[in-house]
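Comments concern the structure below.
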Amino acid sequence: MSTAFYFHPVCIDHDPGSMHPECPDRLRAVAKALEGEEFKELDRREPPKATLEQLDRAHDSDYVRSVLDNVPTEGLVYLDGDTAMSPASGEAALRAAGGICAAVDAVVSGKVQNAFCAHRPPGHHAERAQGMGFCLFNNVAVAAYHARVVHGLKRVAVVDFDVHHGNGTQHTFYDDPALFFGSSHQWPAYPGTGMVEERGVEDDRGASTNCNVPLAPDSGSREFRAAWQDILLPTLLDFAPDLIIVSAGFDAHERDPLANLNVQTEDYSWVTREIMNVADECCAGKLVSNLEGGYDLGALAASVTVHVKALMSDSSLY
C-alpha cells in the first residue's frame, strides 16, 4: 500500500514574523524536497480543516475559541514571547490538526499503509489550555483522541524524536493509561521538562505510559540510537499500541541552530525504520508521522527526504 502525504500551501502562509526560526521557508524546503521523481508514488492529499469537536478533545474549549477568535486581520498577535499568529495562522492551524486526523482515517481504514503530514504551525509544545514554543494546537494529541473516539482504538502511542521535549503531549496524556508518550530530547534545553522520573500512570499491564530519555548536549548518533534501541522501542513494543503517531522533529540534527545534539541525517532513516518495525509487529504497520521542528533548511530537507523514503519502503525487507 501507499504512503499518503498531507500538505496545504496555507501552512506556508502562517508567518510568525521576520527572523523567526519557525519560518515559512521551512515548509517550502520540505515541499521542494518531496517533489522529485523518487516521490512520484506518494499519495498526495489536501488536509481538511479540523472541527471544533476534534480540537476540544485535546484542548479546553475556551482556549480553542480564544485562539481562533484572536487571529489578527493584519500584523501579529502573540500567545507567548515565542508564539505568534498572523492572518493565515488560524486556517493553517486548522489544516494542520485536520490533516493529521484525515491521515489517521486513511491509515486506520487501510486505504494507505502510513502517512506523513507536512504542516505548520507545529504542535507538540501546546498544552490543553496554553499555546507555546511556536505551537497553537497539539496536532498529534488531537489525532490520538480522534483515533480513539472515531475509530474505537483502545491504545494509541505517540513517539517524539524532536530535540525539544514534547511537554504538551506529555501534559495531555499524562493521566491516561491508554495513551503512551515516549521521547528522546536534549536536556537541559527548552522547555525544561522530560526527565526520566516523569513516568505518567500505569496501564492495564502495570507498565508506565510515559517514557523520557534525556540526552546530554553534544550527544550524537551513538547516544541517540541507544536511547531508542535500548529503552524507547522496547517500551513502545511492550505497550502494544493499535496505532503509532510520530512527532517528527528534525532539530536534533548536528546542523540545527536551536540545540546542541549531533544526530546525523542517516539516523532519521534508521529510527523511522525501527519505529515501523514496531508498528508492523503491533498494529499491522499503522503509522502516522507529523512534522514538528527542524530549523536548518538544508538539514531539514535532507532529513525529511530519508524519513519519507523509509515510510515508502517495504518494511519487510529490514
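Please note that chains go A, B, ... in the order of the C-alpha cells, that every chain numbers its residues from 1, and that ligands are numbered from 1 in the order shown.
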
Each residue of region 110-214 of chain A lying at most 8 Å from region 249-272 of chain A should get a row with its shortest atom-to-atom pair and the distance in Å to one decimal, counting only C-alpha atoms; could you produce that, ordered by chain and increasing number, as CSV?
residue,atom,partner,partner_atom,distance
A:Asp160,CA,A:Gly249,CA,7.4
A:Phe161,CA,A:Gly249,CA,6.0
A:Asp162,CA,A:Gly249,CA,3.9
A:Val163,CA,A:Ala252,CA,4.6
A:His185,CA,A:Ala252,CA,7.7
A:Gln186,CA,A:Leu261,CA,6.9
A:Ala189,CA,A:Ala259,CA,7.4

Write out the residues from the selection above, keeping N, CA and C atoms, as a compact mmCIF listing (two decimals), in the first residue's frame.
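Dumped to part.txt:
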# COMPACT_ATOMS: atom_id res chain seq x y z
N ASP A 160 8.33 10.66 19.93
CA ASP A 160 8.77 12.01 19.58
C ASP A 160 10.29 12.06 19.58
N PHE A 161 10.91 12.31 18.40
CA PHE A 161 12.37 12.44 18.37
C PHE A 161 12.84 13.87 18.10
N ASP A 162 11.95 14.83 18.26
CA ASP A 162 12.34 16.24 18.22
C ASP A 162 13.38 16.50 19.31
N VAL A 163 14.27 17.46 19.07
CA VAL A 163 15.31 17.75 20.07
C VAL A 163 14.73 18.36 21.33
N HIS A 185 15.26 13.56 23.70
CA HIS A 185 15.37 15.01 23.59
C HIS A 185 16.61 15.47 24.33
N GLN A 186 17.09 16.63 23.97
CA GLN A 186 18.21 17.22 24.71
C GLN A 186 17.73 17.73 26.06
N ALA A 189 17.43 21.85 28.10
CA ALA A 189 17.03 22.62 26.92
C ALA A 189 15.57 23.00 27.12

**OP:** For region 73-75 of chain A, work out the shell of residues within 9 Å, counting only C-alpha atoms and skipping chain neighbours fewer than 3 positions away, then give it as a list in words.
**Re:** Gly17, Met85, Ser86, Pro87 and Ala88 of chain A

Original post:
DSSP says alpha helix (DSSP H) for which residues of region 128-264 of chain A? Put them as a PyMOL selection string?
Top reply: chain A and resi 139-151+167-173+221-226+233-239

**OP:** Would you kindly return, as a PyMOL selection string, each protein, DNA or RNA residue with an atom no farther than 12 Å from any atom of Ile275 (chain A), considering only C-alpha atoms and excluding same-chain residues fewer than 6 positions away?
**Re:** chain A and resi 114+157-161+182+225+228-229+232-237+241+243-248+268-269+281-283+285-289+307+310-311+315+318

Subject >> Surrounding residues of region 197-214 of chain A excluding itself and chain neighbours under 3 positions, 9 Å, only C-alpha atoms, as a ChimeraX atom specification >> reply: /A:157,165,170,173-188,193-194,227-228,231-232,235-236,238-239

The selected residues should be written to file as a PDB file, in the first residue's frame (atoms: N, CA and C atoms).
ATOM      1  N   ALA A 157      -0.180   5.326  20.735  1.00  0.00           N
ATOM      2  CA  ALA A 157       1.134   5.783  21.178  1.00  0.00           C
ATOM      3  C   ALA A 157       1.615   6.942  20.330  1.00  0.00           C
ATOM      4  N   HIS A 165      11.719  18.461  24.187  1.00  0.00           N
ATOM      5  CA  HIS A 165      10.723  17.576  24.785  1.00  0.00           C
ATOM      6  C   HIS A 165       9.310  18.039  24.441  1.00  0.00           C
ATOM      7  N   GLN A 170       2.983  15.244  26.527  1.00  0.00           N
ATOM      8  CA  GLN A 170       3.081  14.597  27.839  1.00  0.00           C
ATOM      9  C   GLN A 170       2.018  15.131  28.784  1.00  0.00           C
ATOM     10  N   PHE A 173      -1.440  13.668  27.868  1.00  0.00           N
ATOM     11  CA  PHE A 173      -1.590  12.216  28.010  1.00  0.00           C
ATOM     12  C   PHE A 173      -1.344  11.712  29.427  1.00  0.00           C
ATOM     13  N   TYR A 174      -0.788  12.518  30.296  1.00  0.00           N
ATOM     14  CA  TYR A 174      -0.076  12.031  31.476  1.00  0.00           C
ATOM     15  C   TYR A 174      -0.902  11.121  32.376  1.00  0.00           C
ATOM     16  N   ASP A 175      -2.188  11.383  32.509  1.00  0.00           N
ATOM     17  CA  ASP A 175      -3.021  10.616  33.431  1.00  0.00           C
ATOM     18  C   ASP A 175      -3.907   9.595  32.733  1.00  0.00           C
ATOM     19  N   ASP A 176      -3.649   9.322  31.479  1.00  0.00           N
ATOM     20  CA  ASP A 176      -4.499   8.406  30.703  1.00  0.00           C
ATOM     21  C   ASP A 176      -3.732   7.116  30.441  1.00  0.00           C
ATOM     22  N   PRO A 177      -4.141   5.998  31.018  1.00  0.00           N
ATOM     23  CA  PRO A 177      -3.388   4.753  30.862  1.00  0.00           C
ATOM     24  C   PRO A 177      -3.471   4.127  29.478  1.00  0.00           C
ATOM     25  N   ALA A 178      -4.328   4.661  28.605  1.00  0.00           N
ATOM     26  CA  ALA A 178      -4.462   4.115  27.253  1.00  0.00           C
ATOM     27  C   ALA A 178      -3.700   4.931  26.216  1.00  0.00           C
ATOM     28  N   LEU A 179      -2.983   5.964  26.662  1.00  0.00           N
ATOM     29  CA  LEU A 179      -2.184   6.798  25.765  1.00  0.00           C
ATOM     30  C   LEU A 179      -0.729   6.756  26.220  1.00  0.00           C
ATOM     31  N   PHE A 180       0.164   6.418  25.297  1.00  0.00           N
ATOM     32  CA  PHE A 180       1.583   6.320  25.598  1.00  0.00           C
ATOM     33  C   PHE A 180       2.331   7.479  24.947  1.00  0.00           C
ATOM     34  N   PHE A 181       3.286   8.048  25.673  1.00  0.00           N
ATOM     35  CA  PHE A 181       4.173   9.063  25.113  1.00  0.00           C
ATOM     36  C   PHE A 181       5.606   8.684  25.412  1.00  0.00           C
ATOM     37  N   GLY A 182       6.431   8.639  24.357  1.00  0.00           N
ATOM     38  CA  GLY A 182       7.845   8.352  24.507  1.00  0.00           C
ATOM     39  C   GLY A 182       8.671   9.381  23.760  1.00  0.00           C
ATOM     40  N   SER A 183       9.775   9.853  24.365  1.00  0.00           N
ATOM     41  CA  SER A 183      10.532  10.956  23.782  1.00  0.00           C
ATOM     42  C   SER A 183      12.021  10.825  24.066  1.00  0.00           C
ATOM     43  N   SER A 184      12.816  11.074  23.027  1.00  0.00           N
ATOM     44  CA  SER A 184      14.237  11.397  23.216  1.00  0.00           C
ATOM     45  C   SER A 184      14.392  12.883  22.949  1.00  0.00           C
ATOM     46  N   HIS A 185      15.256  13.556  23.703  1.00  0.00           N
ATOM     47  CA  HIS A 185      15.373  15.008  23.589  1.00  0.00           C
ATOM     48  C   HIS A 185      16.609  15.473  24.335  1.00  0.00           C
ATOM     49  N   GLN A 186      17.089  16.627  23.970  1.00  0.00           N
ATOM     50  CA  GLN A 186      18.209  17.220  24.707  1.00  0.00           C
ATOM     51  C   GLN A 186      17.727  17.726  26.059  1.00  0.00           C
ATOM     52  N   TRP A 187      18.581  17.526  27.065  1.00  0.00           N
ATOM     53  CA  TRP A 187      18.338  18.130  28.378  1.00  0.00           C
ATOM     54  C   TRP A 187      19.678  18.450  29.008  1.00  0.00           C
ATOM     55  N   PRO A 188      19.872  19.668  29.542  1.00  0.00           N
ATOM     56  CA  PRO A 188      18.876  20.734  29.640  1.00  0.00           C
ATOM     57  C   PRO A 188      18.656  21.442  28.310  1.00  0.00           C
ATOM     58  N   THR A 193      11.273  20.296  30.607  1.00  0.00           N
ATOM     59  CA  THR A 193      10.598  19.091  31.081  1.00  0.00           C
ATOM     60  C   THR A 193      11.230  17.872  30.419  1.00  0.00           C
ATOM     61  N   GLY A 194      10.730  16.685  30.782  1.00  0.00           N
ATOM     62  CA  GLY A 194      11.173  15.467  30.124  1.00  0.00           C
ATOM     63  C   GLY A 194      12.208  14.670  30.883  1.00  0.00           C
ATOM     64  N   ALA A 227      19.323   5.284  22.890  1.00  0.00           N
ATOM     65  CA  ALA A 227      18.086   5.688  23.562  1.00  0.00           C
ATOM     66  C   ALA A 227      16.879   4.968  22.978  1.00  0.00           C
ATOM     67  N   TRP A 228      16.857   4.879  21.677  1.00  0.00           N
ATOM     68  CA  TRP A 228      15.732   4.217  21.020  1.00  0.00           C
ATOM     69  C   TRP A 228      15.851   2.704  21.088  1.00  0.00           C
ATOM     70  N   ILE A 231      15.777   1.544  25.075  1.00  0.00           N
ATOM     71  CA  ILE A 231      14.731   1.987  26.006  1.00  0.00           C
ATOM     72  C   ILE A 231      13.404   2.253  25.297  1.00  0.00           C
ATOM     73  N   LEU A 232      13.381   3.184  24.354  1.00  0.00           N
ATOM     74  CA  LEU A 232      12.105   3.651  23.816  1.00  0.00           C
ATOM     75  C   LEU A 232      11.400   2.591  22.970  1.00  0.00           C
ATOM     76  N   THR A 235      10.019  -0.292  25.108  1.00  0.00           N
ATOM     77  CA  THR A 235       8.887   0.177  25.910  1.00  0.00           C
ATOM     78  C   THR A 235       7.654   0.365  25.032  1.00  0.00           C
ATOM     79  N   LEU A 236       7.852   0.907  23.839  1.00  0.00           N
ATOM     80  CA  LEU A 236       6.752   1.051  22.883  1.00  0.00           C
ATOM     81  C   LEU A 236       6.194  -0.312  22.511  1.00  0.00           C
ATOM     82  N   ASP A 238       6.259  -3.049  24.256  1.00  0.00           N
ATOM     83  CA  ASP A 238       5.537  -3.586  25.403  1.00  0.00           C
ATOM     84  C   ASP A 238       4.151  -2.967  25.545  1.00  0.00           C
ATOM     85  N   PHE A 239       4.017  -1.683  25.187  1.00  0.00           N
ATOM     86  CA  PHE A 239       2.713  -1.021  25.268  1.00  0.00           C
ATOM     87  C   PHE A 239       1.736  -1.607  24.251  1.00  0.00           C
TER      88      PHE A 239
END

Subject >> Spatial neighbours of Glu22 (chain A), max dist 10 Å, only C-alpha atoms, sep filter under 5 positions, as a PyMOL selection string >> reply: chain A and resi 14-17+27+82-83+120-122+133-135+292-295

Write a file of the just-selected residues containing C-alpha atoms, as a compact mmCIF listing (two decimals), in the first residue's frame.
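Contents of selection-v9.txt, as written:
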# COMPACT_ATOMS: atom_id res chain seq x y z
CA HIS A 14 1.46 31.16 8.61
CA ASP A 15 4.15 33.76 9.36
CA PRO A 16 5.27 34.36 12.97
CA GLY A 17 7.44 37.31 11.97
CA LEU A 27 7.76 24.15 4.72
CA ASP A 82 7.89 32.88 21.03
CA THR A 83 4.47 32.02 19.62
CA ARG A 120 2.90 24.21 10.30
CA PRO A 121 2.47 25.50 12.90
CA PRO A 122 3.94 22.54 14.80
CA GLY A 133 7.01 27.00 21.78
CA PHE A 134 5.76 28.02 18.29
CA CYS A 135 2.69 25.73 18.73
CA GLU A 292 7.45 19.22 14.26
CA GLY A 293 10.80 21.09 14.45
CA GLY A 294 13.87 21.44 12.23
CA TYR A 295 15.39 24.87 11.62

Subject >> For Ala118 (chain A): contacts at 8 Å, only C-alpha atoms, fewer than 3 positions along chain excluded, given as a list in words >> reply: Phe5, Tyr6, Phe7, Leu27, Val30, Ala31, Asn290 and Leu291 of chain A

Subject >> Counting only C-alpha atoms, the option among A:His171, A:Arg28, A:His164, A:Lys154 closest to Gly192 (chain A) >> reply: A:His164

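A straight line drawn from CA of Arg45 (chain A) to CA of Ile100 (chain A) is 11.1 Å long.
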
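Of the residues in region 283-313 of chain A, those given strand (DSSP E) by DSSP on the backbone are Leu287, Val288, Ser289, Asn290 and Leu291 of chain A.
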
With C-alpha atoms retained, write the just-selected residues as a compact mmCIF listing (two decimals), in the first residue's frame.
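part-v7.txt was written with the following content:
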# COMPACT_ATOMS: atom_id res chain seq x y z
CA LEU A 287 1.72 4.74 11.48
CA VAL A 288 1.15 8.47 11.02
CA SER A 289 4.05 10.93 11.09
CA ASN A 290 3.68 14.65 11.71
CA LEU A 291 6.27 17.38 11.16

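Taking CA of Leu136 (chain A) and CA of Pro21 (chain A) as the two end points, the separation is 15.7 Å.
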
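Interatomic distance, CA of Val77 (chain A) against CA of Met132 (chain A): 12.9 Å.
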
**OP:** Select, from A:Leu94, A:Met195, A:Ala216, A:Leu68, the residue with the minimum atom-to-atom distance to Ala50 (chain A), counting only C-alpha atoms.
**Re:** A:Leu94
